Structures are given as C-alpha cells and as structure tokens.
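**Student:** Could you have a look at this structure, given as structure tokens, before my questions?
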Amino acid sequence: MREMIPINRPLIGKEEINLVTKVLKSGLLTEKSGGGHYVTQFEQAFAKWVGAKYAVAVSSGTAALHAALMTVGLRAGDEVVVPSFSFVAAVEAVILAGGKPVFADINPDTYCMDPESFEGQISGKTKAVIPVHLYGLAVDMDPILKLAREHDLMVIEDAAQAIGAEYKGKKVGGLGDIACFSFYATKNLTTGEGGMITTNVEEYAETVRAIRNHGEQEEYRTTMLGHNYRMPEVAAAIGFAQLSKLSRFLERRRKNAEALRDGLSGVEELKLPIEPEGHRHSWYVYTLRLRGANAGKRNRLVEELREKRIGATVYYPVPIHLMPYYRERYSYNRRLLPETETAAGQVFSLPVHPKVTGADIDYMAAVLKRILK
Ligand SMILES: *Cc1c(COP(=O)(O)O)cnc(C)c1O
C-alpha cells in the first residue's frame, strides 16, 4: 500500500542529532535562570533571523502567548480581540491571563482577521488584539496597526504558523509589539515542543524573561507573577540546528506550493490560496476551498483523499466560538461570524512540506482532479 503523505513532518538531520548529543554529554540540561548556553545561542540567532531586537525562548507557543499577554498587563475584564478561525491557543491564553476574548471575523480570501470586523469589536475595555498569521500568510497588518494605535491597543502577533512569512518586505515577528512563535513538531521549524517571543522593546523582553522563570529577576526574589516556561537545552539545540536550514526548508515549501498551484489551476471547483501583493507566504500548509455546487462535500472529499494516502487535513472544522467550552462560557450563537463559519465548512489543506516530492505533487493534483470530475 502507498505510504501516506503526511500534512507535515519534522525534518531532523545529523546537525540536530550532533548538537543534542553534545548537550546530553555536557550534563547541563537546563539553566535555572532559563538562559542556558543553547537557549541563548538559539535566541540570538532567532532574533537576527526574524529581524527583531530581542528573542526569548519559552516552552511552547501557548506559553509564549500567555507570557506575552501577562507582559502587556491584562487586567480582569480587559478584552482582547482574536480570530475564531484559528487554533485555540491564543484564546486560552487570553482567559488564563485574566482577559476576555472577543472574536473578529475573517477576510474570506486570506482567512486572516478582517480589519473592519476588528474595528467593530473594539470597545472601551479592549486592551489588545491578536492577529494570527494563518497557514503561513501574514495578516494585512497596516490597517490592524492603524486601528490599534488609534485606540491605544497592544498588538500581539500569533506567528506560530508563519515563521519566514513576510509583509511589505519585513518578516513576521517584528510587525507588532510582541510576536509569538511555536516550535511544535508540525511547524516549519521544530524543537519538538517549544516557543519564542520576539519584540523590539527591551522592557517587554525583560518581563518575558522574568515570567518564564517564576517572576524572578534575581534568584528567590519574585517581583511579578510568573510561571515555569523555560525551554530545555536539548530543545534549544534542536532549534538552533533547524534555524540554519530554515531558508532552504522555506524555499522547498514555496516550490511545492507553486507546483501545486500549476497542477490545480483552472479547476473550477477549487479556490486556490492567494499571496496578495506585498506578502510572502511561508506555506505552512496549502489551503484550498471548495466552491460552487461542491462546497458542501468537503468532508467526503477529505475522506477520499485520505483513502488515497494523501494527508489532507481540515484547519479548522470548528470555529473557536462554537466549541463546546467557549459556546457555553460566553453563550455564543451560530451566524455570529458568517465568514468564519462558512470557511470552516469548506476549507482543507494539503501538504507542501520539504519532504513532499515533485511526484507527490503530481499525484495529489491528479487524484484531486479525478475526484472532483
Ligand atoms: C501551533 C499553534 C499555537 C500553539 O503552539 P504550541 O507550541 O502548540 O503551544 C498557537 N497558535 C497557532 C495559530 C498555532 O498554529
């Protein structure tokens, strides 16, 4: 039987293995303050790669979001505008930091936060906004930043899926006040589990450093509420090795996405992902949308693709505001976010990670066309 083409997979080579072995042999697996040798190396290289002044490594992308929200000083009752068409982590982080999530709808062409909907959700209690660079495409940040500045809101980028994505010539991670990355095993760069915060503001970087280590700036002198969000040295060593290959990984993703676009262009039933003017996609996944008479057949299509050993996956079948916990907690109803709810029923993603070959691309395009015929 054909082997499944997984939606994403980590690319671990001898560089990672060698560095991890070094860490294990050194016996220094973590540093009390959170800033061990490899953590520091990874942070410095990461900040440089992204083009931000500061980078602080943490234990996951969710930890990064939580620490970022703690850093901007959310207070009970503060509202944070987030998309509902995303992974649940940013919303969890808002609640864990004492705030209240308020959902904005998406632009149906980019699947990212719609500035007009964002504006409509701003109230006197709004403290921050979390634009999510979904699927590897940067949010159209200028209108979001303009609104945020007008209303004195903090902008926290959720760049978990978008390392390497660019907006108007700048990489994501330095576009807002603070940015959060994830190094979960499926992401474009992985450490197994891990995360990073980037910022150009020294004070924020210092606060995140303290939060990740129990609110200590000096040992046993806690000055603020913290947590244990330290990244282990083994993870940092993997990340450091991965970073040196990231540009090559991204080029291969781009090549695969372009080949898939060529293979699928002209298929009427499909809306292909776009890369608007001024954007550079980082192709975390290649997300298509069924349209026309076929729009309701998404789940069946994904099943058929999986039977043909194509790891098609739906991100995300259930918008966050309609998940049982959030629906009950805030009594949200259907049709609150029409674009989000429609997209959730029609999108599906195909793999374009660096291990996907030209033959895989041809196969995926051929199978998809055959099913849709
Ligand atoms: C993966 C992801 C996260 C969470 O990252 P973890 O490292 O898994 O905690 C947050 N937001 C988005 C959009 C993600 O894709």
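By convention here, the chains of the structure tokens are called A, B, ... in the order presented, each chain's residues are numbered starting at 1, and ligands are numbered starting at 1 in the order presented.
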Check which residues fall inside 9 Å of ligand 1 when counting only C-alpha atoms and all ligand atoms, and print them as a count of residues only.
**Tutor:** 33
**Student:** At a cut-off of 8 Å, using only C-alpha atoms, what residues contact Ala165 of chain A? Leave out same-chain residues fewer than 6 positions from it and give the result as a list of chain:residue names.
**Tutor:**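 Counting only C-alpha atoms, the residues come to A:Gly136, A:Leu137, A:Ala138, A:Lys171, A:Val172, A:His279, A:Arg280, A:His281, A:Ser282.
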**Student:** Pull C-alpha atoms from the residues just selected and write them as a compact mmCIF listing (two decimals), in the first residue's frame.
**Tutor:**
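Done, and the output landed in result15.txt:
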# COMPACT_ATOMS: atom_id res chain seq x y z
CA GLY A 136 1.77 30.87 6.85
CA LEU A 137 0.26 34.05 5.36
CA ALA A 138 0.80 37.33 7.18
CA LYS A 171 9.40 39.24 8.32
CA VAL A 172 6.58 38.50 10.74
CA HIS A 279 3.07 39.35 1.04
CA ARG A 280 5.43 36.43 1.05
CA HIS A 281 3.75 33.21 2.16
CA SER A 282 5.69 30.72 4.30
**Student:** So which residues touch Leu336 of chain A within 10 Å, counting only C-alpha atoms, skipping near sequence neighbours fewer than 4 positions away, as a list of chain:residue names?
**Tutor:** A:Phe103, A:Ala104, A:Asp105, A:His321, A:Leu322, A:Tyr332, A:Thr340, A:Glu341
**Student:** Let me see the file: selected residues, C-alpha atoms, as a JSON list (two decimals), in the first residue's frame.
**Tutor:**
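To be explicit, this is the file written out as result_39.json:
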[["chain", "number", "residue", "atom", "x", "y", "z"],
["A", 103, "PHE", "CA", -13.98, 37.38, 18.26],
["A", 104, "ALA", "CA", -13.45, 39.11, 14.93],
["A", 105, "ASP", "CA", -14.40, 37.63, 11.57],
["A", 321, "HIS", "CA", -16.63, 30.37, 19.44],
["A", 322, "LEU", "CA", -18.63, 27.26, 18.54],
["A", 332, "TYR", "CA", -22.18, 32.46, 21.51],
["A", 340, "THR", "CA", -15.57, 32.17, 9.71],
["A", 341, "GLU", "CA", -18.42, 29.69, 9.87]]
**Student:** Have a look at A:Ile238, A:Ala47, A:Ala52, A:Val155 and name the one nearest to Gly13 of chain A; count only C-alpha atoms.
**Tutor:** A:Ile238
**Student:** Write out as a VMD selection string which residues come within 12 Å of Thr223 of chain A when counting only C-alpha atoms, dropping same-chain ones fewer than 4 positions away.
**Tutor:** chain A and resid 207 210 to 211 213 to 219
**Student:** Could you pull the residues within 10 Å of Gly124 of chain A, counting only C-alpha atoms, minus those fewer than 5 positions along the same chain, as a compact mmCIF listing (two decimals) with C-alpha atoms, in the first residue's frame?
**Tutor:**
# COMPACT_ATOMS: atom_id res chain seq x y z
CA ASP A 78 -9.92 43.58 29.72
CA GLU A 79 -10.94 42.45 26.28
CA HIS A 151 -7.40 53.01 20.18
